[in-house]
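S.K.: Dropping a structure here in structure tokens format, bear with me for questions.
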Amino acid sequence: MKTTRFLAQRLFNSFLTLFLFASICDAAEISIQELQRVHIPEAHQAVAVDSSSFYAIASRSIAKYDKETSKKIEEWSAPDGSHILHLNSGVVLEGKLHCANSNWPSSPLENTIEVFSTDTLTHVATRKFDVTEGAINWIERYQDAWWVAFAFYGDEVNQTFLARYNNDWKETGRWHFPKSVLQRFRPNSNSGGAFGPNGRLFVTGHDHAELYVMKVPEQSGELKHLSTVSAPIAGQGIAWDRSDIGTLYGIVRKTKEVVKMRLSNSEAYAKLKQPVEWIRDENNPILPPRQGMGVFDSTRCMNPWVLRSGDSYNVYYGGGSDRGKHTIGVATAPVDDLTHWERQGPLFKNGPAGSFDAAWCVLPHVVKMDDSQWHLYYTGNAGRGSGLSAFPGIGLATSQDGLNWTRHGDTPVLAPSGQLGDPDAIGVAGGSVLRVTQSDGTQQWRFYYTGCPTTGERHDLNQQKVICLAVSEDGVTWHKQGAVMLRDPNRSYEDIAVAGPVVHQQEDGTFRMWYSAIGSRWGYYSICYAESTDGIHWRRGRNDGDNLQLTPTGTGWEKQMVEYPTVIREGNHLRLFYCGNSYGRTGIGTAVSK
């Protein structure tokens, strides 16, 4: 059985990153959407979760349930005379369920962590705490450290604190809760806590149907209360599902229910203001692979990126050769005649053996940084691994004239975090880079890219992808901001993955995004659309299908999938380029907005 590994998100690499995160990710925009609830007799104190199961935790018992069927798999009860008296919460790490336990309300307090095998729920270990000030209420694993909350009740609730421990269980930090949260805890105390997407800490009390979103300062002191979010639970222990970024589990103690929820934002299902309908070109695919040995694009034309130069379109794309190498080329055609293309490539060679881009250079994105500097961002494939795990970084090539390109070293400018539980833990792939004018008039570079958080045998885990954001001052050094768009479990065309974002900022400062989505409806890619006021919180339309733009169709070149769009304005219309079956084995096509 695959289990969740709880390791940290290291999203803040500098003071600049911290500042940007605070300014663009306003927690007040967060909302929680209920997906499912099921009656579970053991749902008394908390719930824990891994990739296949959830664990309902009562004071002296635990039951393991299958996530898909909600059928009980295993159960455990404390034997008579056991010191396990008051289990409060749990976290799953590498096949072990770690639970907080205390003898509260007895005195003196005794606090322990109890460890169980997730396979059989066999009790395998106890760790005692010297700390007897406050009852241990929850435990979490984050940033290569253990985090433990100690609760005080009644008149002493203000003493409730969160402690951080290193791997040797030595305390390395301590934080207290702000008054705004302590007031909501009363008359009880903090009950649950877990680090969610993008490093925010979500905590609960014992009673209210709400979550308190917190920021943990680097130094010991007081936690920062970012917002209070309504949630369809009633306090108690919670758990983020690290195998499914953005999914949260909680309980309703009174009715003995486990509730599955989804992170969203208040504008997610607002009406789209500029939806687009597309007319496919009757000559599609306009840029198919070329026949013949030795050309760089004989087996695949994929991942188009379009720029206009005078009266011509330059379409940069990934080409596959008969030797399995993928490199980047450019095809040029008159704007008014997209049937005749002049092709050039590869624009630069793959990296040396062992490098992140030794096998493939694909997903080009070309940006003119200034009058004498061009950047071409691309996604590398090292030739090992599977799925997006075979793509260990996004590289950069530079040019002074937009024609002659040089790789920017042998290391990527943006790489996976390598920490399971992060939005981009396993792999990364390209999207789009743009210079954004912010509300205060300043500018920053933003990179909207694809992150792969996890893999698994199930199709929905193996193909899971999210859209992430990084920011930069120079277009070379990037600071990750975390995920900005997740799959939508309510829409069958994007309930598995969202990827390949192409973002435009309009004159009024708002944003439009076209992206590739994988859903259970087709099992492969379709092309979707979203809008945003700030480029962070995205709306997808009120109804199912509102944001679905292009789907697989017909019996030919695009019957299996349509994916990796690039969009450019053409007079009063928009023109879209995209690729077809098997990630461009049938070539690249185009469409024009109605």
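Quick note on naming: the chains in the structure tokens go A, B, ... in the order shown, residues restart at 1 in each chain, and ligands are numbered from 1 in order of appearance.
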Could you list, as an mmCIF file with C-alpha atoms, in the first residue's frame, every residue within 9 Å of Ile279 of chain A, counting only C-alpha atoms and ignoring same-chain residues fewer than 4 positions away?
M.R.:
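Below is the file that was written, out04.cif:
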```cif
data_model
loop_
_atom_site.group_PDB
_atom_site.id
_atom_site.type_symbol
_atom_site.label_atom_id
_atom_site.label_comp_id
_atom_site.auth_asym_id
_atom_site.auth_seq_id
_atom_site.Cartn_x
_atom_site.Cartn_y
_atom_site.Cartn_z
ATOM 1 C CA THR A 590 -4.843 26.010 -35.380
ATOM 2 C CA ALA A 591 -8.219 27.603 -34.671
ATOM 3 C CA VAL A 592 -9.673 31.131 -34.711
ATOM 4 C CA SER A 593 -12.120 32.636 -32.234
ATOM 5 C CA LYS A 594 -15.650 33.369 -33.438
#
```
S.K.: Rank nothing, just name the residue among A:Leu338, A:Ala46, A:Asp401, A:Cys361 nearest to Asn284 of chain A, using only C-alpha atoms.
M.R.: A:Leu338
S.K.: With distances taken over only C-alpha atoms, which of A:Val315, A:Leu93, A:Ala43, A:Ala48 is nearest to Val252 of chain A?
M.R.: A:Ala43
S.K.: Could you give me, as a PyMOL selection string, the residues within 8 Å of Ile84 of chain A, counting only C-alpha atoms and dropping anything in the same chain fewer than 5 positions from it?
M.R.: chain A and resi 60+78+101-103
S.K.: So that I can see what lies close to segment 234-240 of chain A, please list as an MDAnalysis selection string the residues with an atom at most 9 Å from it, counting only C-alpha atoms and leaving out residues fewer than 4 positions away in the same chain.
M.R.: chainID A and resid 44:49 57 88:91 137:138 190:197 202:211 244:254
